[in-house]
There are 2 protein chains.
Amino acid sequence: MSASGSEIKVAVDAIVFGYSKNEGVSILLIQRKYPPFKNMWAIPGGFVLPDESLEEAVRRELVEETGIGVNYLEQLYTFGEPDRDPRKRVISIAYFALVKSAQFQQLKASTDAENAQWFNFKNLPSLAFDHKKILNLAIERVRTKIRYQPIGFELLDRKFPFSDLEKLYITLLDRDIDRRNFSKKMLALGILDETNEYAKSEGKGRPSKMYQFNKKRYQELVKEGINFEI
Amino acid sequence: MSASGSEIKVAVDAIVFGYSKNEGVSILLIQRKYPPFKNMWAIPGGFVLPDESLEEAVRRELVEETGIGVNYLEQLYTFGEPDRDPRKRVISIAYFALVKSAQFQQLKASTDAENAQWFNFKNLPSLAFDHKKILNLAIERVRTKIRYQPIGFELLDRKFPFSDLEKLYITLLDRDIDRRNFSKKMLALGILDETNEYAKSEGKGRPSKMYQFNKKRYQELVKEGINFEI
DNA sequence: ACAAAAGTGTTAAAGTTACACCCATGT
DNA sequence: ACATGGGTGTAACTTTAACACTTTTGT
């Protein structure tokens with residue numbers, strides 16, 4: 001090891017994803033109040049305190065800056081180019097987070113965090129620092145990951161109609177999905193429980209059964225060596 | 001963001017993988033000269049200097065501590081639990097690196113770095129700090145990744161007999177592979193060029209043709225949307 | 001009765017797996 | 001001539017992809 005320590009600041013950032021059937025995938029951004037990049041949009045985040053873990057830091061910053069609590073959090077990548085912050089050397093450990101649909105819609109409506117706002121992931125503003133790069137990586141990661149891990153359920157409510165799941169995949173993968181093949185495959189995995197509830201109809205169409213992701217069952221099956229793949 | 005910066009040190013660590021047909025997969029470790037964990041084995045690494053990128057830091061530390069230059073380097077994960085170093089708060093950005101077979105064998109023989117040593121990945125000593133956890137993650141990552149990205153070639157020489165590739169996969173995936181099916185699949189991908197060289201026989205068996213990974217071709221095919229998968 | 005969304009099965013094509021014998025070389 | 005590792009094809013099976021009509025509800 002080198003003899004001396006470093007004068008480098010350590011920050012965390014979190015790309016928070018929300019989803020609703022009608023609006024698709026959204027990402028939570030905050031507007032900067034101070035220079036540099038004053039008034040520009042940025043990914044929420046901040047410096048890590050001496051005695052908290054990285055994940056604790058992310059959760060704390062998210063509450064402070066946006067009032068949000070997330071139910072899924074995963075480390076994405078660490079960005080550390082010497083010049084990524086014009087003021088000083090900052091390395092940032094980026095996370096991505098997923099928020100359940102009902103909560104996302106509540107948050108959208110609330111005014112708790114005046115300078116936090118959701119943006120559709122296909123229509124994002126320009127961003128401060130290297131945040132565009134971070135965000136693109138996060139989107140790419142989520143896009144890839146829903147194909148081999150059941151993280152999509154973290155964006156839906158606990159109980160959801162099958163078509164919501166399908167729409168989520170269509171949105172993220174950005175291509176059509178054959179409804180019959182998709183449901184066959186999903187149901188064949190054995191990780192979805194059918195409930196005896198039905199979606200309250202929204203005025204049109206046949207009401208759909210509500211399904212529920214069975215996490216325990218999934219974990220058992222993982223041990224037995226199944227692989228989720230869509 | 002929080003107002004204040006942090007008093008956290010930033011380090012990088014690198015899990016270096018080497019491979020040879022006879023010895024299988026090895027990992028490069030160094031023996032610590034000073035407390036804490038004096039004399040224990042550890043993953044090479046050290047603090048990031050103020051003006052170098054993370055990757056530069058990894059390469060510099062590897063040269064300083066082990067005399068090695070690597071040909072493939074990828075970020076693995078960032079470890080930041082507050083208590084992972086007993087002395088002070090250190091977050092470490094871990095990388096994994098792959099070394100080509102010929103170079104690995106040279107390094108094994110050389111005495112450049114007295115306190116650096118290669119260990120078979122199935123027979124590792126106990127390690128300082130949380131390095132066991134880091135190492136396990138690295139092994140898991142490489143194991144998974146060779147199945148969907150052609151990183152295996154970074155462990156072989158530029159030209160290699162087909163059976164070396166096969167043995168590498170058998171070793172890492174820890175299961176038998178059907179020679180016929182494996183070569184069919186690999187060759188069907190169209191990313192291996194047959195050379196007109198033959199392996200100099202080692203006294204027994206039919207000499208094998210030498211193959212070569214065609215990186216350009218692979219990158220073209222990726223753009224066209226193939227997916228490498230074994 | 002019609003519009004809208006949910007629910008459901010079959011067939012062809014592609015991909016994967018299982019399996020065994022001959023070939024080229026050194027001793 | 002034998003021991004050793006290299007090289008190769010085919011058939012059964014599994015998985016995936018393509019495709020359209022019926023059901024339930026609200027208006």
# chains A, B, ... in the order shown; residues from 1 in each chain; ligands from 1
>>> residues_around(residues="region 9-23 of chain C", least_positions_apart="2", cutoff="12 Å", atoms="only C-alpha atoms (C1' of nucleotides)", output="ChimeraX atom specification")
/A:180-181,184 /B:177-182,184-185,205-208,230 /C:7,25 /D:4-21
>>> residues_around(residues="Ile226 (chain A)", least_positions_apart="6", cutoff="12 Å", atoms="only C-alpha atoms (C1' of nucleotides)", output="mmCIF file with N, CA and C atoms, in the first residue's frame")
data_model
loop_
_atom_site.group_PDB
_atom_site.id
_atom_site.type_symbol
_atom_site.label_atom_id
_atom_site.label_comp_id
_atom_site.auth_asym_id
_atom_site.auth_seq_id
_atom_site.Cartn_x
_atom_site.Cartn_y
_atom_site.Cartn_z
ATOM 1 N N TYR A 148 -33.227 -11.343 -15.880
ATOM 2 C CA TYR A 148 -32.728 -12.546 -15.205
ATOM 3 C C TYR A 148 -32.865 -12.513 -13.689
ATOM 4 N N GLN A 149 -33.486 -11.439 -13.175
ATOM 5 C CA GLN A 149 -33.799 -11.443 -11.751
ATOM 6 C C GLN A 149 -35.160 -10.812 -11.575
ATOM 7 N N ALA A 188 -45.080 -20.536 -15.474
ATOM 8 C CA ALA A 188 -44.354 -21.802 -15.408
ATOM 9 C C ALA A 188 -43.237 -21.746 -14.364
ATOM 10 N N LEU A 189 -42.712 -20.556 -14.099
ATOM 11 C CA LEU A 189 -41.647 -20.421 -13.107
ATOM 12 C C LEU A 189 -42.146 -20.788 -11.712
ATOM 13 N N GLY A 190 -43.442 -20.636 -11.495
ATOM 14 C CA GLY A 190 -44.008 -21.021 -10.203
ATOM 15 C C GLY A 190 -43.733 -20.031 -9.097
ATOM 16 N N ILE A 191 -43.490 -18.785 -9.427
ATOM 17 C CA ILE A 191 -43.182 -17.803 -8.394
ATOM 18 C C ILE A 191 -44.281 -16.749 -8.277
ATOM 19 N N ARG A 217 -40.854 -18.632 -2.188
ATOM 20 C CA ARG A 217 -40.830 -19.689 -3.200
ATOM 21 C C ARG A 217 -39.688 -19.456 -4.193
ATOM 22 N N TYR A 218 -39.538 -18.206 -4.574
ATOM 23 C CA TYR A 218 -38.466 -17.884 -5.517
ATOM 24 C C TYR A 218 -37.110 -18.261 -4.943
ATOM 25 N N GLN A 219 -36.889 -17.897 -3.685
ATOM 26 C CA GLN A 219 -35.594 -18.195 -3.076
ATOM 27 C C GLN A 219 -35.342 -19.688 -2.941
ATOM 28 N N GLU A 220 -36.401 -20.422 -2.643
ATOM 29 C CA GLU A 220 -36.264 -21.879 -2.622
ATOM 30 C C GLU A 220 -35.858 -22.402 -3.997
#
>>> residues_around(residues="Val58 (chain A)", least_positions_apart="2", cutoff="10 Å", atoms="only C-alpha atoms (C1' of nucleotides)", output="MDAnalysis selection string")
chainID A and resid 11:14 44:48 52:56 60:64 70 73 93:97
>>> write_last_selection(atoms="C-alpha atoms", output="compact mmCIF listing (two decimals), in the first residue's frame")
# COMPACT_ATOMS: atom_id res chain seq x y z
CA ALA A 11 -20.36 10.50 -1.76
CA VAL A 12 -23.27 8.28 -2.66
CA ASP A 13 -25.90 8.86 -5.32
CA ALA A 14 -29.13 7.03 -5.96
CA PRO A 44 -30.11 12.79 -5.32
CA GLY A 45 -27.12 11.98 -3.13
CA GLY A 46 -24.54 13.39 -0.78
CA PHE A 47 -21.50 12.76 1.34
CA VAL A 48 -21.09 9.70 3.48
CA GLU A 52 -22.67 5.11 8.57
CA SER A 53 -22.55 2.41 5.95
CA LEU A 54 -22.86 3.32 2.30
CA GLU A 55 -26.38 2.02 2.13
CA GLU A 56 -27.36 3.95 5.24
CA ARG A 60 -30.51 9.04 4.73
CA GLU A 61 -29.84 11.31 1.78
CA LEU A 62 -32.97 10.17 0.02
CA VAL A 63 -35.10 10.98 3.04
CA GLU A 64 -33.40 14.34 3.54
CA VAL A 70 -37.21 2.91 -0.95
CA LEU A 73 -31.53 -0.75 -3.15
CA ILE A 93 -20.78 5.20 -5.17
CA ALA A 94 -23.95 5.07 -7.22
CA TYR A 95 -26.93 2.94 -6.26
CA PHE A 96 -30.19 2.28 -7.95
CA ALA A 97 -33.44 2.02 -6.04
>>> closest_residue(among="B:Lys33, B:Arg89, B:Lys100, B:Lys159", to="chain A", atoms="only C-alpha atoms")
B:Arg89
>>> residues_around(residues="Lys167 (chain A)", least_positions_apart="4", cutoff="9 Å", atoms="only C-alpha atoms (C1' of nucleotides)", output="VMD selection string")
chain A and resid 21 24 162 to 163 171 to 172 177
>>> residues_around(residues="region 35-40 of chain B", least_positions_apart="4", cutoff="8 Å", atoms="only C-alpha atoms (C1' of nucleotides)", output="list of chain:residue names")
B:Gln31, B:Pro86, B:Ser126, B:Leu127, B:Ala128, B:Phe129
>>> write_last_selection(atoms="N, CA, C and O atoms", output="PDB file, in the first residue's frame")
ATOM      1  N   GLN B  31       1.693 -10.788   0.991  1.00  0.00           N
ATOM      2  CA  GLN B  31       1.768 -11.020   2.427  1.00  0.00           C
ATOM      3  C   GLN B  31       2.019  -9.684   3.122  1.00  0.00           C
ATOM      4  O   GLN B  31       2.924  -8.942   2.739  1.00  0.00           O
ATOM      5  N   PRO B  86      -9.821  -1.890  11.024  1.00  0.00           N
ATOM      6  CA  PRO B  86      -9.873  -1.590  12.465  1.00  0.00           C
ATOM      7  C   PRO B  86      -9.288  -0.228  12.817  1.00  0.00           C
ATOM      8  O   PRO B  86      -9.569   0.311  13.887  1.00  0.00           O
ATOM      9  N   SER B 126      -6.243 -18.061   4.597  1.00  0.00           N
ATOM     10  CA  SER B 126      -7.180 -17.094   5.177  1.00  0.00           C
ATOM     11  C   SER B 126      -6.612 -15.701   4.950  1.00  0.00           C
ATOM     12  O   SER B 126      -5.406 -15.516   4.789  1.00  0.00           O
ATOM     13  N   LEU B 127      -7.493 -14.736   4.906  1.00  0.00           N
ATOM     14  CA  LEU B 127      -7.095 -13.423   4.418  1.00  0.00           C
ATOM     15  C   LEU B 127      -7.386 -12.314   5.423  1.00  0.00           C
ATOM     16  O   LEU B 127      -8.274 -12.435   6.269  1.00  0.00           O
ATOM     17  N   ALA B 128      -6.634 -11.227   5.287  1.00  0.00           N
ATOM     18  CA  ALA B 128      -6.782 -10.055   6.147  1.00  0.00           C
ATOM     19  C   ALA B 128      -8.093  -9.322   5.843  1.00  0.00           C
ATOM     20  O   ALA B 128      -8.692  -9.505   4.792  1.00  0.00           O
ATOM     21  N   PHE B 129      -8.499  -8.494   6.776  1.00  0.00           N
ATOM     22  CA  PHE B 129      -9.681  -7.619   6.607  1.00  0.00           C
ATOM     23  C   PHE B 129     -10.885  -8.447   6.135  1.00  0.00           C
ATOM     24  O   PHE B 129     -11.051  -9.584   6.572  1.00  0.00           O
TER      25      PHE B 129
END
>>> select_by_dssp(residues="region 39-149 of chain A", states="strand (DSSP E)", output="JSON, numbers by chain")
{"A": [41, 42, 45, 46, 47, 72, 73, 74, 75, 76, 77, 78, 79, 90, 91, 92, 93, 94, 95, 96, 97, 98, 116, 117, 118, 119, 120]}
>>> atom_distance(atom1="CA of Ala116 (chain B)", atom2="CA of Thr66 (chain B)")
5.7 Å
>>> atom_distance(atom1="CA of Glu74 (chain B)", atom2="CA of Ala138 (chain B)")
10.3 Å
>>> select_by_dssp(residues="region 51-201 of chain A", states="helix (DSSP H, G or I)", output="VMD selection string")
chain A and resid 54 to 66 101 to 109 131 to 145 152 to 154 162 to 173 179 to 189
>>> closest_atom_pairs(of="chain C", to="chain A", cutoff="9 Å", atoms="only C-alpha atoms (C1' of nucleotides)", output="CSV")
residue,atom,partner,partner_atom,distance
C:DA3,C1',A:Lys204,CA,8.2
C:DA4,C1',A:Gly205,CA,4.6
C:DA5,C1',A:Gly205,CA,4.1
C:DA6,C1',A:Arg206,CA,5.6
C:DG7,C1',A:Arg180,CA,8.8
C:DT8,C1',A:Arg180,CA,7.5
>>> closest_residue(among="A:Ile134, A:Met186, A:Ile27, A:Leu76", to="Leu107 (chain A)", atoms="only C-alpha atoms")
A:Ile27
>>> closest_atom_pairs(of="chain D", to="chain A", cutoff="7 Å", atoms="only C-alpha atoms (C1' of nucleotides)", output="tab-separated table")
residue	atom	partner	partner_atom	distance
D:DT24	C1'	A:Arg206	CA	4.6
D:DT25	C1'	A:Arg206	CA	4.7
D:DG26	C1'	A:Gly203	CA	5.5
>>> closest_residue(among="B:Ser26, B:Gly67, B:Asp176, B:Tyr77", to="chain A", atoms="only C-alpha atoms")
B:Tyr77
>>> atom_distance(atom1="CA of Asn115 (chain A)", atom2="CA of Ile30 (chain A)")
5.5 Å
